[in-house]
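run.tsv, holding TSV, C-alpha atoms:
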```
chain	number	residue	atom	x	y	z
A	1	MET	CA	-16.58	15.69	96.58
A	2	SER	CA	-13.78	13.13	96.04
A	3	LYS	CA	-10.78	13.93	93.85
A	4	ASN	CA	-11.97	11.39	91.26
A	5	ARG	CA	-15.45	12.91	91.09
A	6	THR	CA	-13.97	16.40	90.79
A	7	LEU	CA	-11.89	15.25	87.81
A	8	MET	CA	-14.91	13.64	86.16
A	9	ALA	CA	-17.04	16.75	86.70
A	10	GLY	CA	-14.37	18.95	85.12
A	11	LEU	CA	-14.06	16.69	82.11
A	12	LEU	CA	-17.81	16.56	81.62
A	13	LEU	CA	-18.02	20.33	81.85
A	14	SER	CA	-15.40	20.68	79.13
A	15	LEU	CA	-17.26	18.17	76.96
A	16	THR	CA	-20.48	20.16	77.12
A	17	SER	CA	-18.68	23.21	75.74
A	18	ILE	CA	-18.00	21.41	72.44
A	19	THR	CA	-20.72	22.20	69.91
A	20	THR	CA	-19.37	22.38	66.36
A	21	GLU	CA	-16.07	21.93	64.64
A	22	ALA	CA	-14.24	24.91	63.21
A	23	SER	CA	-14.26	25.10	59.41
A	24	LEU	CA	-10.46	25.53	59.39
A	25	THR	CA	-8.13	22.90	60.81
A	26	VAL	CA	-4.54	23.95	61.35
A	27	GLY	CA	-2.05	21.11	61.18
A	28	TYR	CA	0.98	19.56	59.51
A	29	ALA	CA	1.47	17.23	56.57
A	30	ASP	CA	4.87	15.68	55.96
A	31	GLY	CA	6.28	18.26	58.36
A	32	LYS	CA	4.81	21.20	56.41
A	33	SER	CA	2.29	23.68	57.82
A	34	VAL	CA	-1.12	23.32	56.16
A	35	VAL	CA	-4.69	24.43	56.88
A	36	TYR	CA	-7.70	22.34	55.89
A	37	SER	CA	-10.97	24.02	54.90
A	38	SER	CA	-13.96	21.79	55.60
A	39	LEU	CA	-16.24	24.17	53.68
A	40	GLY	CA	-14.28	23.88	50.46
A	41	ASN	CA	-12.75	20.46	51.21
A	42	ILE	CA	-9.37	21.83	50.22
A	43	THR	CA	-6.05	22.31	51.97
A	44	TRP	CA	-4.17	25.61	51.87
A	45	THR	CA	-0.49	26.00	52.58
A	46	GLY	CA	-0.10	27.39	56.08
A	47	ASP	CA	2.29	30.00	54.71
A	48	ALA	CA	0.34	32.47	52.58
A	49	ASN	CA	3.55	33.57	50.87
A	50	LEU	CA	5.32	30.25	50.70
A	51	LEU	CA	7.21	31.21	47.54
A	52	GLY	CA	8.64	34.29	49.24
A	53	THR	CA	9.63	32.25	52.28
A	54	LEU	CA	11.42	29.69	50.13
A	55	GLN	CA	13.22	32.40	48.18
A	56	ASN	CA	14.35	34.03	51.41
A	57	LYS	CA	15.40	30.75	53.00
A	58	LEU	CA	16.99	28.90	50.08
A	59	GLY	CA	18.07	31.81	47.93
A	60	TYR	CA	16.12	33.76	45.34
A	61	GLU	CA	17.95	32.49	42.27
A	62	VAL	CA	18.07	28.91	43.53
A	63	VAL	CA	14.29	28.76	43.91
A	64	VAL	CA	13.53	30.60	40.66
A	65	ASN	CA	15.88	28.36	38.65
A	66	SER	CA	14.40	25.25	40.28
A	67	ILE	CA	10.88	26.33	39.35
A	68	ILE	CA	11.86	27.07	35.75
A	69	ALA	CA	13.64	23.72	35.46
A	70	VAL	CA	10.54	21.84	36.59
A	71	SER	CA	7.99	23.88	34.64
A	72	PRO	CA	9.68	25.69	31.73
A	73	VAL	CA	6.49	26.14	29.70
A	74	ILE	CA	2.94	27.11	30.71
A	75	ILE	CA	0.07	26.22	28.37
A	76	ASP	CA	-2.70	28.82	28.27
A	77	MET	CA	-5.22	30.55	26.04
A	78	PRO	CA	-3.33	32.25	23.20
A	79	ASN	CA	-2.43	35.81	24.17
A	80	ILE	CA	0.16	38.50	23.62
A	81	PHE	CA	2.33	37.31	26.54
A	82	ASP	CA	2.98	33.91	24.98
A	83	THR	CA	6.38	33.12	23.48
A	84	PRO	CA	5.95	33.60	20.63
A	85	ALA	CA	2.86	35.78	20.98
A	86	ASN	CA	-0.51	34.06	20.64
A	87	SER	CA	1.07	30.61	20.48
A	88	GLY	CA	-0.77	29.24	23.53
A	89	LYS	CA	2.58	28.62	25.22
A	90	HIS	CA	4.56	30.83	27.56
A	91	THR	CA	8.21	30.14	28.26
A	92	VAL	CA	8.83	30.79	31.95
A	93	SER	CA	11.85	32.96	32.68
A	94	SER	CA	13.34	35.10	35.42
A	95	LEU	CA	11.17	37.95	34.13
A	96	ASP	CA	8.16	36.16	35.63
A	97	PHE	CA	9.54	36.70	39.15
A	98	ASP	CA	9.97	39.91	41.13
A	99	SER	CA	13.27	40.13	43.00
A	100	ASN	CA	12.16	43.31	44.76
A	101	ARG	CA	9.09	41.69	46.35
A	102	LEU	CA	9.82	38.11	47.32
A	103	GLY	CA	6.92	35.87	46.40
A	104	ALA	CA	5.44	38.19	43.78
A	105	VAL	CA	5.16	36.54	40.35
A	106	SER	CA	3.39	36.77	37.04
A	107	TRP	CA	0.42	34.49	36.47
A	108	PHE	CA	2.75	32.19	34.54
A	109	GLY	CA	5.23	32.17	37.41
A	110	ALA	CA	2.42	31.37	39.85
A	111	LYS	CA	1.32	28.41	37.73
A	112	ALA	CA	4.92	27.23	37.47
A	113	PHE	CA	5.30	27.50	41.25
A	114	ALA	CA	2.32	25.19	41.74
A	115	SER	CA	3.89	22.71	39.32
A	116	TYR	CA	7.14	22.91	41.27
A	117	LEU	CA	5.37	22.04	44.54
A	118	ASN	CA	3.79	19.06	42.79
A	119	ALA	CA	7.18	17.92	41.52
A	120	ILE	CA	8.65	17.91	45.03
A	121	ASN	CA	5.45	16.40	46.48
A	122	TYR	CA	5.13	19.27	48.93
A	123	ALA	CA	3.29	18.27	52.13
A	124	GLY	CA	2.72	14.85	50.57
A	125	SER	CA	0.61	16.16	47.67
A	126	ASN	CA	1.20	16.47	43.93
A	127	ARG	CA	-2.12	18.20	43.25
A	128	TRP	CA	-1.34	21.79	44.16
A	129	ALA	CA	-2.95	24.53	42.08
A	130	LEU	CA	-3.97	28.16	42.27
A	131	PRO	CA	-7.44	28.70	43.77
A	132	SER	CA	-10.36	28.73	41.37
A	133	ALA	CA	-12.46	31.82	40.69
A	134	GLY	CA	-15.45	29.53	40.26
A	135	SER	CA	-17.09	27.63	37.41
A	136	THR	CA	-18.92	30.81	36.38
A	137	PRO	CA	-16.57	33.46	37.78
A	138	GLN	CA	-18.00	36.80	38.79
A	139	SER	CA	-16.43	40.13	39.63
A	140	GLY	CA	-17.29	41.85	42.90
A	141	MET	CA	-17.46	41.27	46.62
A	142	ASN	CA	-17.99	37.72	47.94
A	143	PRO	CA	-18.59	36.12	44.52
A	144	PRO	CA	-20.14	32.63	44.59
A	145	GLY	CA	-17.96	29.64	43.77
A	146	SER	CA	-14.67	31.39	44.42
A	147	GLN	CA	-12.36	29.37	46.66
A	148	PHE	CA	-10.50	32.46	47.79
A	149	ALA	CA	-13.71	34.38	48.53
A	150	GLU	CA	-14.96	31.48	50.62
A	151	LEU	CA	-11.79	31.57	52.69
A	152	PHE	CA	-11.85	35.37	53.02
A	153	TYR	CA	-15.51	35.90	53.86
A	154	ASN	CA	-16.86	32.65	55.31
A	155	GLU	CA	-13.87	31.28	57.18
A	156	LEU	CA	-11.72	34.25	58.16
A	157	GLY	CA	-14.50	36.81	58.56
A	158	GLY	CA	-12.84	39.24	56.21
A	159	THR	CA	-14.46	42.46	54.99
A	160	ALA	CA	-13.29	45.52	53.10
A	161	LEU	CA	-12.57	47.10	56.50
A	162	ASN	CA	-11.14	43.92	57.98
A	163	PRO	CA	-8.64	42.32	55.56
A	164	ILE	CA	-7.33	38.85	56.33
A	165	PRO	CA	-3.62	39.42	57.06
A	166	ASN	CA	-2.37	38.60	60.55
A	167	THR	CA	-4.87	35.83	61.24
A	168	ALA	CA	-4.26	33.09	63.75
A	169	ASN	CA	-4.66	30.39	61.09
A	170	PHE	CA	-1.97	31.38	58.59
A	171	THR	CA	1.36	33.16	58.38
A	172	ASN	CA	2.65	35.76	55.90
A	173	GLU	CA	-0.71	36.84	54.53
A	174	GLN	CA	-0.23	39.72	52.11
A	175	THR	CA	-2.46	42.80	51.96
A	176	TYR	CA	-2.37	42.90	48.18
A	177	PHE	CA	-3.55	40.79	45.23
A	178	TYR	CA	-3.36	37.02	44.76
A	179	TRP	CA	-3.56	35.15	41.47
A	180	LEU	CA	-6.41	32.75	40.77
A	181	ALA	CA	-6.14	29.83	38.38
A	182	THR	CA	-8.92	31.06	36.10
A	183	GLU	CA	-8.11	32.91	32.89
A	184	ASN	CA	-10.29	35.72	31.56
A	185	ALA	CA	-11.73	33.96	28.52
A	186	PRO	CA	-12.90	37.08	26.62
A	187	TYR	CA	-9.53	38.74	27.26
A	188	PRO	CA	-6.97	35.90	27.49
A	189	SER	CA	-4.06	38.22	28.21
A	190	ASN	CA	-5.70	38.71	31.63
A	191	ALA	CA	-6.44	36.37	34.54
A	192	TRP	CA	-8.64	36.51	37.63
A	193	TYR	CA	-7.31	37.75	40.96
A	194	PHE	CA	-8.48	38.30	44.53
A	195	ALA	CA	-7.67	41.43	46.55
A	196	THR	CA	-7.15	40.70	50.25
A	197	SER	CA	-7.22	44.42	51.05
A	198	THR	CA	-10.84	44.82	49.93
A	199	GLY	CA	-12.30	41.35	49.37
A	200	TYR	CA	-12.82	42.13	45.70
A	201	GLN	CA	-12.48	39.54	42.93
A	202	GLY	CA	-11.64	40.83	39.48
A	203	SER	CA	-10.46	39.65	36.08
A	204	PHE	CA	-8.43	42.45	34.50
A	205	ALA	CA	-4.94	41.79	35.85
A	206	THR	CA	-2.58	41.26	32.93
A	207	LYS	CA	-0.79	37.93	33.21
A	208	ASP	CA	2.64	39.55	33.23
A	209	PHE	CA	1.96	41.66	36.33
A	210	PRO	CA	3.56	40.46	39.62
A	211	LEU	CA	0.94	39.37	42.17
A	212	TYR	CA	1.25	36.81	44.98
A	213	ALA	CA	0.65	33.07	44.73
A	214	TRP	CA	-1.18	30.98	47.35
A	215	VAL	CA	-1.98	27.41	46.41
A	216	VAL	CA	-4.48	24.75	47.44
A	217	SER	CA	-4.69	20.98	47.23
A	218	PRO	CA	-7.95	19.00	47.13
A	219	GLY	CA	-9.02	17.13	50.25
A	220	ASN	CA	-7.59	17.06	53.74
A	221	LEU	CA	-3.83	16.65	53.99
A	222	THR	CA	-3.85	16.79	57.78
A	223	SER	CA	-4.85	13.87	59.98
A	224	VAL	CA	-8.65	13.77	60.07
A	225	PRO	CA	-9.87	14.68	63.58
A	226	LEU	CA	-12.67	12.80	65.30
A	227	SER	CA	-16.09	14.33	64.85
A	228	GLY	CA	-17.61	16.04	67.88
A	229	ALA	CA	-20.03	13.17	68.50
A	230	ALA	CA	-17.33	10.51	68.18
A	231	TRP	CA	-15.03	12.44	70.51
A	232	LEU	CA	-17.78	12.81	73.11
A	233	PHE	CA	-18.55	9.10	72.96
A	234	SER	CA	-14.92	8.04	73.29
A	235	ALA	CA	-14.41	10.48	76.16
A	236	TRP	CA	-17.53	9.12	77.91
A	237	ILE	CA	-16.15	5.59	77.62
A	238	GLY	CA	-12.89	6.80	79.10
A	239	LEU	CA	-14.70	8.37	82.03
A	240	MET	CA	-16.61	5.16	82.69
A	241	VAL	CA	-13.36	3.16	82.71
A	242	LEU	CA	-11.78	5.72	85.01
A	243	SER	CA	-14.75	5.52	87.35
A	244	MET	CA	-14.65	1.73	87.55
A	245	ARG	CA	-10.88	1.66	87.94
A	246	TYR	CA	-10.96	3.87	91.00
A	247	LYS	CA	-14.18	2.56	92.54
A	248	PRO	CA	-13.60	2.05	96.30
A	249	LYS	CA	-13.34	-1.58	97.38
A	250	ALA	CA	-15.69	-2.86	100.06
A	251	SER	CA	-14.11	-3.25	103.49
A	252	ILE	CA	-13.82	-6.76	104.90
A	253	ILE	CA	-14.69	-6.89	108.59
A	254	ILE	CA	-13.45	-9.94	110.50
A	255	HIS	CA	-15.32	-10.63	113.69
```
Since I need it in another form, could you write the structure as structure tokens?
Amino acid sequence: MSKNRTLMAGLLLSLTSITTEASLTVGYADGKSVVYSSLGNITWTGDANLLGTLQNKLGYEVVVNSIIAVSPVIIDMPNIFDTPANSGKHTVSSLDFDSNRLGAVSWFGAKAFASYLNAINYAGSNRWALPSAGSTPQSGMNPPGSQFAELFYNELGGTALNPIPNTANFTNEQTYFYWLATENAPYPSNAWYFATSTGYQGSFATKDFPLYAWVVSPGNLTSVPLSGAAWLFSAWIGLMVLSMRYKPKASIIIH
């Protein structure tokens, strides 16, 4: 077999191994690590504890003060943690951040962090938010409509015995609790959360308690890859061109 034919055979063999696209696409947007979920059509920050990383890199007080300056007040359902209580407004302060566990914040601090990322247009987006618990949120394992549950169960293969930290897709995943955007309407002093150690979604975390914040942005912030079919077609065209380019020329015999 000629060298050219060997190359073509190898390429064709690799093409036949492509069947479906992964639901998670790891990439970069504006130089920032992000991961796109095709199931949820949302983009997660590649760093699952981005706030903690920024605090460690830029300085804890610098980051906290920057977040407070951008988002000094969080509007929510009236509850006892508002300032003043039951006013529907919470004044963000240093008390909403945990200096002992970098990245851990109250629900108000988590919301303010998302607003901060929008203000700096992080990864080219100003639509960052905490993940949703779903339009009709439910407590339990693998609840429907939850963006975090979809990531945990359907995309990372997480279970109660197999938590998501240390995956190949993200960095700094925490085996703990993450805030969700959804408030607990019957008990507005609480908000929904997702536990990465068990895969459980619940609603009775008080808003002042320090959990972690992991944010999402709608749509795909990475460059959109070719579909499998389009890639196969373009590769086939390339092989045809390669074949014609290196086709042996007929010998000219002069008698």
For each of A:Tyr36, A:Phe209, A:Phe97, A:Phe108, take the minimum atom-to-atom distance to Thr182 (chain A), counting all atoms listed in the file, then give the residue where this is smallest.
A:Phe108
Counting only C-alpha atoms, which residue out of A:Ile42, A:Ile75, A:Leu102, A:Ile120 sits closest to Lys89 (chain A)?
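Nearest to Lys89 (chain A): A:Ile75.
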CA of Gln174 (chain A) to CA of Asn49 (chain A), straight-line distance in Å:
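These two atoms are separated by 7.3 Å.
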Write out as a PyMOL selection string which residues come within 12 Å of region 112-118 of chain A when counting all atoms listed in the file, dropping same-chain ones fewer than 5 positions away.
chain A and resi 32+45+49-52+54-55+63-75+90-94+96-97+103-107+123-131+179-181+212-217
Would you work out the distance separating CA of Gly199 (chain A) from CA of Thr53 (chain A), expressed in Å to one decimal?
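Straight-line distance from CA of Gly199 (chain A) to CA of Thr53 (chain A) works out to 23.9 Å.
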Residue contacts of region 143-153 of chain A (8 Å, all atoms listed in the file) excluding same-chain residues fewer than 2 positions away, as a PDB file with C-alpha atoms, keeping the file's coordinate frame:
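Saved result, part-v6.pdb, follows:
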```pdb
ATOM      1  CA  SER A  37     -10.970  24.020  54.900  1.00  0.00           C
ATOM      2  CA  GLY A  40     -14.280  23.880  50.460  1.00  0.00           C
ATOM      3  CA  PRO A 131      -7.440  28.700  43.770  1.00  0.00           C
ATOM      4  CA  SER A 132     -10.360  28.730  41.370  1.00  0.00           C
ATOM      5  CA  ALA A 133     -12.460  31.820  40.690  1.00  0.00           C
ATOM      6  CA  GLY A 134     -15.450  29.530  40.260  1.00  0.00           C
ATOM      7  CA  SER A 135     -17.090  27.630  37.410  1.00  0.00           C
ATOM      8  CA  THR A 136     -18.920  30.810  36.380  1.00  0.00           C
ATOM      9  CA  PRO A 137     -16.570  33.460  37.780  1.00  0.00           C
ATOM     10  CA  GLN A 138     -18.000  36.800  38.790  1.00  0.00           C
ATOM     11  CA  SER A 139     -16.430  40.130  39.630  1.00  0.00           C
ATOM     12  CA  GLY A 140     -17.290  41.850  42.900  1.00  0.00           C
ATOM     13  CA  MET A 141     -17.460  41.270  46.620  1.00  0.00           C
ATOM     14  CA  GLU A 155     -13.870  31.280  57.180  1.00  0.00           C
ATOM     15  CA  LEU A 156     -11.720  34.250  58.160  1.00  0.00           C
ATOM     16  CA  GLY A 157     -14.500  36.810  58.560  1.00  0.00           C
ATOM     17  CA  GLY A 158     -12.840  39.240  56.210  1.00  0.00           C
ATOM     18  CA  THR A 159     -14.460  42.460  54.990  1.00  0.00           C
ATOM     19  CA  ILE A 164      -7.330  38.850  56.330  1.00  0.00           C
ATOM     20  CA  PHE A 194      -8.480  38.300  44.530  1.00  0.00           C
ATOM     21  CA  THR A 196      -7.150  40.700  50.250  1.00  0.00           C
ATOM     22  CA  GLY A 199     -12.300  41.350  49.370  1.00  0.00           C
ATOM     23  CA  GLN A 201     -12.480  39.540  42.930  1.00  0.00           C
TER      24      GLN A 201
END
```
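Between CA of Phe81 (chain A) and CA of Asp208 (chain A) there is a distance of 7.1 Å.
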Which is closest to Asn100 (chain A) among A:Val34, A:Pro218, A:Asn154, A:Pro210, if we use all atoms listed in the file?
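Of the candidates, the smallest distance to Asn100 (chain A) is held by A:Pro210.
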Around (-9.6, 37.4, 38.0) in the file's own coordinates, what residues are found within 6 Å if you use all atoms listed in the file, given back as number ranges by chain?
A: 191-193, 202-203
